[in-house]
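So this one's target_20.txt, compact mmCIF, C-alpha atoms:
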# COMPACT_ATOMS: atom_id res chain seq x y z
CA MET U 1 3.57 1.16 -29.21
CA PRO U 2 6.10 1.92 -26.40
CA VAL U 3 5.79 -0.25 -23.28
CA GLY U 4 4.72 2.70 -21.07
CA THR U 5 1.97 3.75 -23.45
CA ALA U 6 0.84 0.17 -23.94
CA GLU U 7 0.68 -0.27 -20.18
CA VAL U 8 -1.37 2.90 -19.71
CA ASP U 9 -3.80 1.72 -22.36
CA LEU U 10 -4.05 -1.77 -20.83
CA LEU U 11 -4.56 -0.23 -17.40
CA ARG U 12 -7.35 2.05 -18.64
CA ARG U 13 -9.14 -0.85 -20.32
CA SER U 14 -8.62 -3.13 -17.31
CA ARG U 15 -10.21 -0.53 -15.05
CA ALA U 16 -13.21 -0.58 -17.35
CA GLY U 17 -13.50 -4.33 -16.68
CA ASP U 18 -11.72 -5.67 -19.77
CA THR U 19 -10.08 -8.93 -18.64
CA SER U 20 -8.22 -9.40 -21.92
CA ALA U 21 -6.44 -6.09 -21.23
CA PHE U 22 -5.65 -7.29 -17.71
CA ASP U 23 -4.24 -10.45 -19.28
CA GLY U 24 -1.80 -8.16 -21.09
CA LEU U 25 -0.81 -6.49 -17.81
CA ILE U 26 -0.20 -9.89 -16.21
CA THR U 27 2.07 -10.84 -19.10
CA LEU U 28 4.04 -7.61 -18.69
CA HIS U 29 4.70 -8.11 -14.97
CA ARG U 30 4.38 -11.82 -14.14
CA GLU U 31 8.08 -12.70 -14.28
CA LYS U 32 9.14 -9.92 -11.90
CA ILE U 33 6.30 -10.55 -9.49
CA TYR U 34 6.96 -14.27 -9.47
CA MET U 35 10.66 -13.64 -8.87
CA GLN U 36 9.98 -11.24 -6.00
CA ALA U 37 7.64 -13.78 -4.39
CA TYR U 38 10.17 -16.58 -4.84
CA MET U 39 13.01 -14.56 -3.36
CA ILE U 40 11.02 -14.19 -0.15
CA VAL U 41 9.26 -17.55 0.17
CA ARG U 42 12.05 -19.63 -1.48
CA ASN U 43 9.54 -22.08 -2.91
CA GLU U 44 8.24 -22.22 -6.49
CA GLU U 45 4.76 -23.46 -5.67
CA ASP U 46 4.14 -20.80 -3.03
CA ALA U 47 5.64 -18.17 -5.33
CA LEU U 48 3.16 -19.13 -8.05
CA ASP U 49 0.25 -18.97 -5.61
CA LEU U 50 1.42 -15.59 -4.36
CA CYS U 51 1.79 -14.36 -7.90
CA GLN U 52 -1.80 -15.38 -8.61
CA GLU U 53 -3.02 -13.82 -5.36
CA THR U 54 -1.21 -10.57 -6.17
CA PHE U 55 -2.82 -10.16 -9.58
CA VAL U 56 -6.28 -11.05 -8.27
CA LYS U 57 -5.87 -8.49 -5.47
CA ALA U 58 -4.64 -5.95 -7.98
CA TRP U 59 -7.67 -6.58 -10.21
CA ARG U 60 -10.03 -6.00 -7.30
CA SER U 61 -8.22 -2.80 -6.29
CA LEU U 62 -7.46 -1.33 -9.70
CA HIS U 63 -9.88 1.54 -9.03
CA ARG U 64 -7.72 2.51 -6.04
CA PHE U 65 -4.46 2.57 -7.98
CA ASP U 66 -3.82 6.29 -8.40
CA GLY U 67 -0.77 6.05 -10.66
CA LYS U 68 1.49 8.02 -8.28
CA PHE U 69 3.93 5.10 -8.43
CA PRO U 70 4.61 2.82 -11.40
CA LEU U 71 2.30 -0.18 -11.63
CA ALA U 72 5.30 -2.50 -11.18
CA ALA U 73 6.13 -0.90 -7.82
CA TRP U 74 2.51 -1.20 -6.70
CA LEU U 75 2.39 -4.88 -7.64
CA ARG U 76 5.76 -5.50 -6.00
CA ARG U 77 4.48 -3.97 -2.79
CA ILE U 78 1.42 -6.23 -2.82
CA VAL U 79 3.47 -9.36 -3.43
CA THR U 80 6.13 -8.43 -0.85
CA ASN U 81 3.53 -7.96 1.88
CA ALA U 82 1.67 -11.12 0.90
CA ALA U 83 4.88 -13.16 0.87
CA ILE U 84 5.98 -11.85 4.27
CA ASP U 85 2.53 -12.60 5.68
CA LEU U 86 2.66 -16.14 4.30
CA CYS U 87 6.07 -16.83 5.81
CA ARG U 88 4.98 -15.37 9.14
CA SER U 89 1.81 -17.43 9.21
CA ARG U 90 3.82 -20.58 8.63
CA GLY U 91 6.78 -19.65 10.80
CA ARG U 92 8.96 -21.07 8.09
CA TRP U 93 12.26 -19.48 8.97
CA LYS U 94 14.34 -19.65 12.12
CA GLN U 95 15.69 -16.36 13.39
CA SER U 96 19.44 -16.45 13.59
CA PRO U 97 21.44 -15.18 16.57
CA ILE U 98 23.43 -13.03 14.18
CA ASP U 99 20.39 -10.76 13.89
CA GLU U 100 20.72 -9.69 17.48
CA GLY U 101 24.08 -8.12 18.11
CA PRO U 102 26.42 -5.46 16.73
CA ILE U 103 28.57 -7.15 14.12
CA LEU U 104 30.43 -4.42 12.32
CA PRO U 105 33.75 -5.92 11.27
CA GLU U 106 36.77 -4.80 13.15
CA ALA U 107 39.83 -3.50 11.36
CA GLY U 108 41.73 -6.50 10.13
CA SER U 109 38.75 -8.85 10.15
CA ARG U 110 37.57 -10.76 7.09
CA THR U 111 33.96 -11.66 6.60
CA THR U 112 33.82 -12.49 2.93
CA PRO U 113 35.73 -15.10 1.01
CA SER U 114 38.23 -13.93 -1.50
CA GLY U 115 39.28 -17.32 -2.82
CA PHE U 116 36.06 -17.88 -4.84
CA GLU U 117 37.02 -15.13 -7.26
CA ARG U 118 39.50 -17.37 -9.02
CA PRO U 119 38.33 -17.73 -12.60
CA GLY U 120 37.19 -21.18 -13.65
CA ASP U 121 36.82 -22.43 -10.13
CA GLY U 122 33.38 -23.95 -10.64
CA LEU U 123 33.34 -26.01 -7.47
CA VAL U 124 33.96 -23.00 -5.29
CA ARG U 125 31.23 -21.12 -7.10
CA GLU U 126 28.77 -23.96 -6.63
CA GLU U 127 29.71 -24.20 -2.96
CA LEU U 128 29.27 -20.44 -2.68
CA ARG U 129 25.80 -20.55 -4.21
CA ASP U 130 24.81 -23.43 -1.99
CA ARG U 131 25.93 -21.62 1.14
CA LEU U 132 24.18 -18.45 0.03
CA ARG U 133 20.95 -20.39 -0.53
CA LYS U 134 21.15 -21.88 2.95
CA ALA U 135 21.96 -18.49 4.47
CA LEU U 136 19.03 -16.94 2.60
CA ASP U 137 16.71 -19.65 3.89
CA SER U 138 17.71 -18.85 7.45
CA LEU U 139 16.92 -15.13 7.11
CA SER U 140 13.57 -13.72 8.17
CA PRO U 141 11.20 -12.89 5.28
CA GLU U 142 11.64 -9.15 5.94
CA HIS U 143 15.43 -9.48 5.66
CA ARG U 144 15.11 -11.51 2.48
CA ALA U 145 12.71 -8.96 1.02
CA ALA U 146 15.10 -6.12 1.83
CA ILE U 147 18.09 -7.97 0.38
CA SER U 148 16.26 -8.89 -2.81
CA LEU U 149 14.99 -5.35 -3.36
CA LYS U 150 18.48 -3.96 -2.82
CA GLU U 151 20.72 -6.53 -4.46
CA ILE U 152 18.50 -7.79 -7.27
CA GLU U 153 16.18 -4.88 -8.02
CA GLY U 154 18.82 -2.27 -7.19
CA LEU U 155 16.40 0.00 -5.32
CA SER U 156 17.57 2.78 -3.00
CA TYR U 157 16.98 2.60 0.77
CA LYS U 158 14.15 5.11 0.37
CA GLU U 159 12.48 3.13 -2.40
CA ILE U 160 12.74 -0.09 -0.39
CA ALA U 161 11.19 1.68 2.60
CA ALA U 162 8.28 2.78 0.41
CA GLN U 163 7.86 -0.75 -0.92
CA MET U 164 7.94 -2.37 2.49
CA GLY U 165 5.98 0.30 4.34
CA CYS U 166 8.69 0.99 6.92
CA THR U 167 11.31 3.64 7.67
CA THR U 168 14.66 4.04 5.89
CA GLY U 169 16.37 3.24 9.21
CA THR U 170 14.55 -0.07 9.44
CA VAL U 171 15.54 -0.92 5.88
CA MET U 172 19.19 -0.11 6.59
CA SER U 173 19.11 -2.19 9.74
CA ARG U 174 17.61 -5.16 7.88
CA LEU U 175 20.17 -4.86 5.11
CA PHE U 176 23.00 -4.54 7.58
CA TYR U 177 22.13 -7.72 9.45
CA ALA U 178 21.13 -9.68 6.35
CA ARG U 179 24.38 -8.83 4.64
CA HIS U 180 26.42 -9.81 7.66
CA LYS U 181 24.54 -13.07 7.86
CA LEU U 182 25.34 -13.81 4.24
CA GLN U 183 28.96 -12.76 4.64
CA ALA U 184 29.30 -14.95 7.72
CA ALA U 185 27.93 -17.91 5.75
CA LEU U 186 30.79 -17.46 3.32
CA ALA U 187 33.47 -16.68 5.89
CA ASP U 188 35.17 -20.06 6.17
CA LEU U 189 34.98 -20.68 2.45
CA ARG U 190 37.89 -18.30 1.95
CA ASN U 191 40.03 -20.43 4.20
CA ASP U 192 39.42 -23.63 2.23
CA MET K 193 21.99 -0.20 14.55
CA THR K 194 24.59 2.47 15.37
CA ASP K 195 25.56 5.45 13.19
CA ARG K 196 28.79 3.65 12.40
CA ASP K 197 26.85 0.61 11.21
CA ALA K 198 24.78 2.86 8.94
CA GLU K 199 27.96 4.47 7.62
CA TRP K 200 29.44 1.03 7.01
CA LEU K 201 26.35 0.04 5.03
CA ARG K 202 26.52 3.19 2.90
CA TRP K 203 30.23 2.61 2.39
CA MET K 204 29.58 -0.96 1.27
CA ASP K 205 26.96 0.29 -1.19
CA GLY K 206 29.22 3.08 -2.44
CA ASP K 207 26.74 5.72 -1.23
CA LEU K 208 29.35 7.84 0.59
CA ASP K 209 31.02 10.73 -1.24
CA SER K 210 34.77 10.54 -1.84
CA GLU K 211 35.65 12.60 1.22
CA ALA K 212 33.45 10.53 3.56
CA THR K 213 34.73 7.33 1.96
CA ALA K 214 38.36 8.30 2.56
CA ARG K 215 37.59 9.32 6.14
CA PHE K 216 35.72 6.09 6.85
CA GLU K 217 38.31 3.86 5.22
CA LYS K 218 40.96 5.31 7.52
CA THR K 219 39.10 3.67 10.40
CA LEU K 220 39.13 0.27 8.68
CA GLY K 221 41.93 -2.14 8.05
CA PRO K 222 42.88 -3.35 4.56
CA GLU K 223 41.10 -6.63 5.24
CA ALA K 224 37.75 -4.87 5.63
CA ILE K 225 38.29 -3.13 2.31
CA ALA K 226 39.18 -6.45 0.71
CA ALA K 227 36.01 -7.92 2.24
CA ARG K 228 33.95 -5.22 0.57
CA ASP K 229 35.51 -5.98 -2.79
CA SER K 230 34.86 -9.67 -2.28
CA TRP K 231 31.26 -8.90 -1.42
CA LYS K 232 30.90 -7.08 -4.72
CA ASN K 233 32.00 -10.27 -6.44
CA ALA K 234 29.70 -12.38 -4.30
CA ARG K 235 26.73 -10.32 -5.48
CA ALA K 236 26.62 -12.18 -8.79
CA ALA K 237 26.46 -15.47 -6.91
CA LEU K 238 23.82 -14.01 -4.61
CA SER K 239 21.72 -13.08 -7.59
CA ASP K 240 22.04 -16.66 -8.89
CA ALA K 241 21.16 -18.07 -5.48
CA MET K 242 18.10 -15.87 -5.09
CA ARG K 243 16.54 -16.06 -8.52
CA PRO K 244 14.13 -18.84 -9.37
CA ALA K 245 14.22 -20.75 -12.62
CA PRO K 246 12.15 -18.95 -15.27
CA LEU K 247 8.43 -19.74 -15.27
CA GLU K 248 7.90 -22.97 -17.16
CA PHE K 249 4.35 -22.32 -18.37
CA PRO K 250 3.81 -18.58 -17.97
CA ASP K 251 0.57 -18.54 -19.96
CA PHE K 252 -0.85 -21.13 -17.62
CA LEU K 253 -0.37 -18.62 -14.81
CA ASN K 254 -2.38 -16.04 -16.78
CA ALA K 255 -5.13 -18.59 -17.32
CA ARG K 256 -5.25 -19.42 -13.60
CA ILE K 257 -5.46 -15.76 -12.63
CA LEU K 258 -8.16 -14.94 -15.18
CA GLU K 259 -10.15 -17.99 -14.15
CA THR K 260 -10.05 -16.85 -10.52
CA ILE K 261 -11.14 -13.36 -11.56
CA GLU K 262 -14.06 -14.76 -13.57
CA ARG K 263 -15.12 -17.00 -10.69
CA ASP K 264 -14.85 -14.05 -8.35
CA ARG K 265 -16.94 -11.94 -10.71
CA SER K 266 -19.71 -14.49 -11.10
CA ALA K 267 -19.78 -15.02 -7.34
CA ARG K 268 -20.11 -11.28 -6.82
CA GLN K 269 -22.94 -10.83 -9.34
CA PRO K 270 -25.72 -12.53 -7.32
CA ARG K 271 -24.33 -10.96 -4.18
CA LEU K 272 -24.58 -7.53 -5.81
CA ILE K 273 -28.19 -8.13 -6.88
CA ARG K 274 -29.08 -9.44 -3.44
CA ASN K 275 -27.43 -6.41 -1.83
CA LEU K 276 -29.31 -4.08 -4.15
CA ILE K 277 -32.64 -5.76 -3.33
CA PHE K 278 -31.97 -5.68 0.40
CA GLY K 279 -30.70 -2.13 0.12
CA GLY K 280 -33.86 -1.06 -1.74
CA PHE K 281 -36.16 -2.69 0.78
CA GLY K 282 -34.18 -1.21 3.62
CA ALA K 283 -34.40 2.29 2.19
CA LEU K 284 -38.15 1.87 1.61
CA ALA K 285 -38.69 0.69 5.19
CA ALA K 286 -36.67 3.59 6.56
CA ALA K 287 -38.64 6.08 4.46
CA SER K 288 -41.97 4.57 5.63
CA LEU K 289 -40.88 4.76 9.23
CA LEU K 290 -39.86 8.39 8.88
CA THR K 291 -43.18 9.21 7.22
CA LEU K 292 -45.09 7.53 10.02
CA LEU K 293 -43.14 9.47 12.61
CA LEU K 294 -43.07 12.87 10.93
CA LEU K 295 -46.43 13.15 9.13
CA PRO K 296 -48.66 13.30 12.24
CA GLU K 297 -46.39 16.03 13.55
CA ALA K 298 -46.80 18.04 10.34
CA PHE K 299 -50.60 17.81 10.43
CA ARG K 300 -51.07 18.32 14.15
CA PRO K 301 -53.32 21.39 14.77
CA ARG K 302 -51.32 24.15 16.34
CA SER K 303 -52.48 26.48 19.05
CA GLU K 304 -52.66 30.23 18.46
CA LEU K 305 -49.72 30.76 20.75
CA GLU K 306 -47.36 29.05 18.37
CA PHE K 307 -47.72 31.80 15.78
CA ILE K 308 -45.76 35.01 16.16
CA SER K 309 -48.75 37.18 15.31
CA GLN K 310 -52.25 36.72 13.99
CA VAL K 311 -54.48 38.98 11.87
CA ILE K 312 -57.57 39.53 13.91
CA SER K 313 -59.45 42.12 11.76
CA ALA K 314 -58.83 44.53 8.95
CA ARG K 315 -61.63 46.96 8.18
CA ALA K 316 -61.92 50.66 7.24
CA SER K 317 -65.04 52.62 6.26
CA ASN K 318 -63.03 54.87 3.88
CA PRO K 319 -61.90 52.87 0.80
CA ARG K 320 -58.65 54.93 0.57
CA VAL K 321 -57.66 53.83 4.02
CA SER K 322 -56.43 50.31 4.77
CA VAL K 323 -56.19 49.00 8.29
CA SER K 324 -54.39 45.92 9.51
CA THR K 325 -54.31 44.69 13.05
CA PHE K 326 -52.09 42.04 14.52
CA LYS K 327 -52.26 40.35 17.83
CA SER K 328 -49.11 39.03 19.35
CA PRO K 329 -49.34 37.06 22.59
CA ASP K 330 -46.41 38.78 24.27
CA ARG K 331 -46.45 42.20 22.57
CA GLY K 332 -50.15 43.15 22.62
CA VAL K 333 -52.10 44.43 19.59
CA VAL K 334 -50.58 46.35 16.67
CA VAL K 335 -52.82 48.52 14.45
CA TRP K 336 -51.31 49.38 11.05
CA VAL K 337 -53.12 52.19 9.24
CA GLU K 338 -52.29 53.33 5.71
CA GLY K 339 -53.86 56.23 3.83
CA ALA K 340 -55.08 58.19 6.87
CA ASP K 341 -53.50 61.50 7.94
CA ALA K 342 -54.70 61.07 11.48
CA ILE K 343 -56.95 58.80 13.51
CA PRO K 344 -59.95 60.68 14.86
CA SER K 345 -59.89 60.83 18.60
CA GLU K 346 -63.42 59.42 18.90
CA GLU K 347 -62.35 56.22 17.06
CA GLU K 348 -61.11 53.32 19.10
CA VAL K 349 -59.81 49.87 18.49
CA GLN K 350 -62.45 47.23 18.99
What does the file become when written as structure tokens?
Amino acid sequence: MPVGTAEVDLLRRSRAGDTSAFDGLITLHREKIYMQAYMIVRNEEDALDLCQETFVKAWRSLHRFDGKFPLAAWLRRIVTNAAIDLCRSRGRWKQSPIDEGPILPEAGSRTTPSGFERPGDGLVREELRDRLRKALDSLSPEHRAAISLKEIEGLSYKEIAAQMGCTTGTVMSRLFYARHKLQAALADLRND
Amino acid sequence: MTDRDAEWLRWMDGDLDSEATARFEKTLGPEAIAARDSWKNARAALSDAMRPAPLEFPDFLNARILETIERDRSARQPRLIRNLIFGGFGALAAASLLTLLLLPEAFRPRSELEFISQVISARASNPRVSVSTFKSPDRGVVVWVEGADAIPSEEEVQ
């Protein structure tokens, strides 16, 4: 049975109260939902809790899911909002000054390292990842959500706006600042 | 965010058409273009930095979720029954109250004035003739005669 058909069948049975069918839906989507939660909260334990919360919420609201969007997008929206709420309630991140001013690079400026591209340079790659992790941790949850939906999920600005319940302009603004923040975190690496 | 910032973002994402790309790149130095290319390479590292390790015990997650759902369900069951009972009693009380308020009104004797008209007598000595009379408080008395060609002048309404 193709995945789409299987999902429709599982969804129909889940709506009728069949928890074994819902178990199948969890299995289909758990990895993506967990990943989306993790990319925002940056913590495995919280990501697992959010994943659980998302599926329980989805179970309770299955009757309201109208099928206009794919189930995956609906679940992703639930987990994104829950993860942002969690971060906000804990005040986990510190807003960076880079989020406040115009930072479009001037002609001749360099904001991204070029040295890390050298093949086989494992140390530089590890340093790069480490810096990116730190830079990601310093972003607000909304910026992290936008970056993950764009860079990892490959969604368009419009799709991200639908997922996050905001305008395309807001999404672009978040991406713009988040990307600059990440590029700035890598800036001096190119000089090493 | 300015329009130029938005254009820069679209340029970085390769969302501009070739003409707009060429026009925008004229405003940038070669370093900015190199920075974009470097960013493309950094994306792989970004993906690595963002992604968690795969779930260690994915089926355990399913079990946790289903257990919560079951607990939620069993907690809702008594609540549902209690709500139904309270709902039923509530509806019954409301119906009783309405009956108490509305029934006396329905059975209250009404005065003559409340009717539009009232039959006061209907009698004719000739069986082919039928007579109906109505009394209306504001319009006087109406005599309805059927089967008679004319009313004799000596007759009068009593």
Q: Using all atoms listed in the file, determine which residues of chain K fall within 7 Å of chain U; present them as an MDAnalysis selection string.
A: chainID K and resid 193 197:198 201 220:224 227 230:231 237:239 241:244 254 257 261
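Put simply, CA of His143 (chain U) is 5.7 Å away from CA of Ala178 (chain U).
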(Q) Ranking K:Met204, K:Thr213, K:Glu248, K:Ser288 by minimum distance to Arg228 (chain K) and counting all atoms listed in the file, which one comes first? (A) K:Met204
Q: Go ahead and compute the interatomic distance for CA of Lys68 (chain U) and CA of Asp85 (chain U), in Å to one decimal.
A: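 Interatomic distance, CA of Lys68 (chain U) to CA of Asp85 (chain U): 24.9 Å.
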